[in-house]
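Everything below concerns the one structure shown next.
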Amino acid sequence: MNAIVLAVVLLFSLPSALASAQGTGTAARVNGTDISYFRLERYFADYLKAEGRSVASIRNPRAYARLRDDALQQLIDKELLWQEAQRRGVTVDDQRVLAELAATKAAFRTPEAFERRLGEAGFDEAGYLDYLRRELVASRMLEELSEPKAVSEEEVRHALEELRPRLERPEQVHARHILLKVSDEPGAAEVRERLLELRRQIADGADFAELARRHSEDGSAAQGGDLGFFTRGTMVAPFEQAAFALRPGETSQPVRTRYGWHLIEVVSHRPPEPLDEDRGLAMARQFLLQQRQRDAREDALRRLRDAGRIEVLGRR
């Protein structure tokens, strides 16, 4: 999440009641610097919003504790990055911080609404500017510590071969069916005859979908037996073989599966679509770079943690 989005999310999502939590103790200590419970709760609201959740949506106490601890660990990482930036002299200029502030203000209807929400969140403008600066500096520090290694063309081509099955569009069939279940084996022949009669009606011009609505015993009956598009390996083998052997508009002979007898109509067919090589290579390169960026960030944070002194001082 970039700093502008993070800042806006924080102010919109933060419960007003957090302002009363100031001075209620220390959640963790990082190289001698305290992370207060107030700071944790303020960040926790932002963390949940980024995850698409809210405090009120978490009913399970264990899930709440786990998510809160995840937020604390992220806050510890941010503090480590801030401290490393201070040690190395990494900064961001005032114009960048002020631009972030302006973008946050623009998300509110009026300047007064921004000021009111700022106060409810426990900030004054100077404190909020400091918060923005720390976020920007921590992000920059992480970028500098986690520059990923370049990827070779050989690595890209190898990645493409691994990704190809997921990137290529396989052959697909759009089909409808009518299912008649078989309650006992002696009755199977009679059920098959019923389907053959329905098939004759279709050949004489009856609408397959309407017959499916009236006769099918499958959950798709209300949709006229429509199963949508599916690929090989999705359906049971006898059904799949029959469906992929039909041309659009054709109706199968009765097909027996463990579910009963089926009559299948193919609506349309999509042939496999091979992946454009240049596009595939670009996607594979992007995949590798993102993977290496993620690994590099994890390694950078692990090094900071290994070199630091971190105390988690209790749970609330």
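Letters A, B, ... go to the chains of the structure tokens in the order shown; residues in each chain start at 1; ligands are counted from 1 in the same order.
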(message) So that I can see what lies close to Arg258 in chain A, please list as JSON, numbers by chain the residues with an atom at most 10 Å from it, counting only C-alpha atoms and leaving out residues fewer than 3 positions away in the same chain.
(response) {"A": [181, 182, 236, 238, 261]}
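Residues of range 110-223 of chain A that DSSP, applied to the backbone, places in strand (DSSP E or B): Arg169, Gln172, Val173, His174, Ala175, Arg176, His177, Ile178, Leu179 and Leu180 of chain A.
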(request) Go through A:Ala159, A:Leu198, A:Leu313, A:Met141 and flag the residue nearest Val92 in chain A, using only C-alpha atoms for the distances. (result) A:Met141
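CA of Thr251 in chain A is positioned 8.3 Å from CA of Ile202 in chain A.
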Considering only C-alpha atoms, return as a PDB file with C-alpha atoms, in the first residue's frame whatever protein or nucleic-acid residues lie within 10 Å of Gln223 in chain A, sequence-local ones (same chain, fewer than 5 positions apart) excluded.
```pdb
ATOM      1  CA  ARG A 176     -26.231 -28.123 -21.243  1.00  0.00           C
ATOM      2  CA  ALA A 209     -33.317 -25.915 -22.311  1.00  0.00           C
ATOM      3  CA  GLU A 210     -37.075 -26.115 -21.806  1.00  0.00           C
ATOM      4  CA  ALA A 212     -34.125 -29.628 -19.055  1.00  0.00           C
ATOM      5  CA  ARG A 213     -36.227 -27.304 -16.894  1.00  0.00           C
TER       6      ARG A 213
END
```
(request) Can you pull out every residue within 8 Å of range 269-281 of chain A, counting only C-alpha atoms, but drop anything in the same chain fewer than 3 positions away, and send it as an MDAnalysis selection string? (result) chainID A and resid 156:157 160 164 167:174 247:248 266 284:285
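With CA of Glu79 in chain A on one side and CA of Asp295 in chain A on the other, the separation reads 19.9 Å.
By only C-alpha atoms, and with residues fewer than 4 positions from Glu144 in chain A along its chain excluded, the set lying at most 10 Å from it is Ala85, Val90, Ala138, Ser139, Arg140, Pro148, Arg297 and Ala300 of chain A.
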Near Leu129 in chain A, within 8 Å and counting only C-alpha atoms, which residues show up once chain neighbours fewer than 4 positions away are dropped, as a PDB file with C-alpha atoms, in the first residue's frame?
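Okay, selection18.pdb is ready:
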```pdb
ATOM      1  CA  VAL A  97       5.719  14.907   2.751  1.00  0.00           C
ATOM      2  CA  LEU A  98       3.599  17.988   2.080  1.00  0.00           C
ATOM      3  CA  LEU A 101      -0.549  15.655   3.250  1.00  0.00           C
ATOM      4  CA  GLU A 125      -1.177  18.367  11.965  1.00  0.00           C
ATOM      5  CA  ARG A 133       7.412  11.255   7.057  1.00  0.00           C
TER       6      ARG A 133
END
```
(request) Between CA of Phe44 in chain A and CA of Asn60 in chain A, measure the distance and give it in Å to one decimal. (result) 16.3 Å
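Residue nearest Ala282 in chain A within the list A:Leu163, A:Ile76, A:Asp226, A:Arg109: A:Leu163 [criterion: smallest interatomic distance, only C-alpha atoms].
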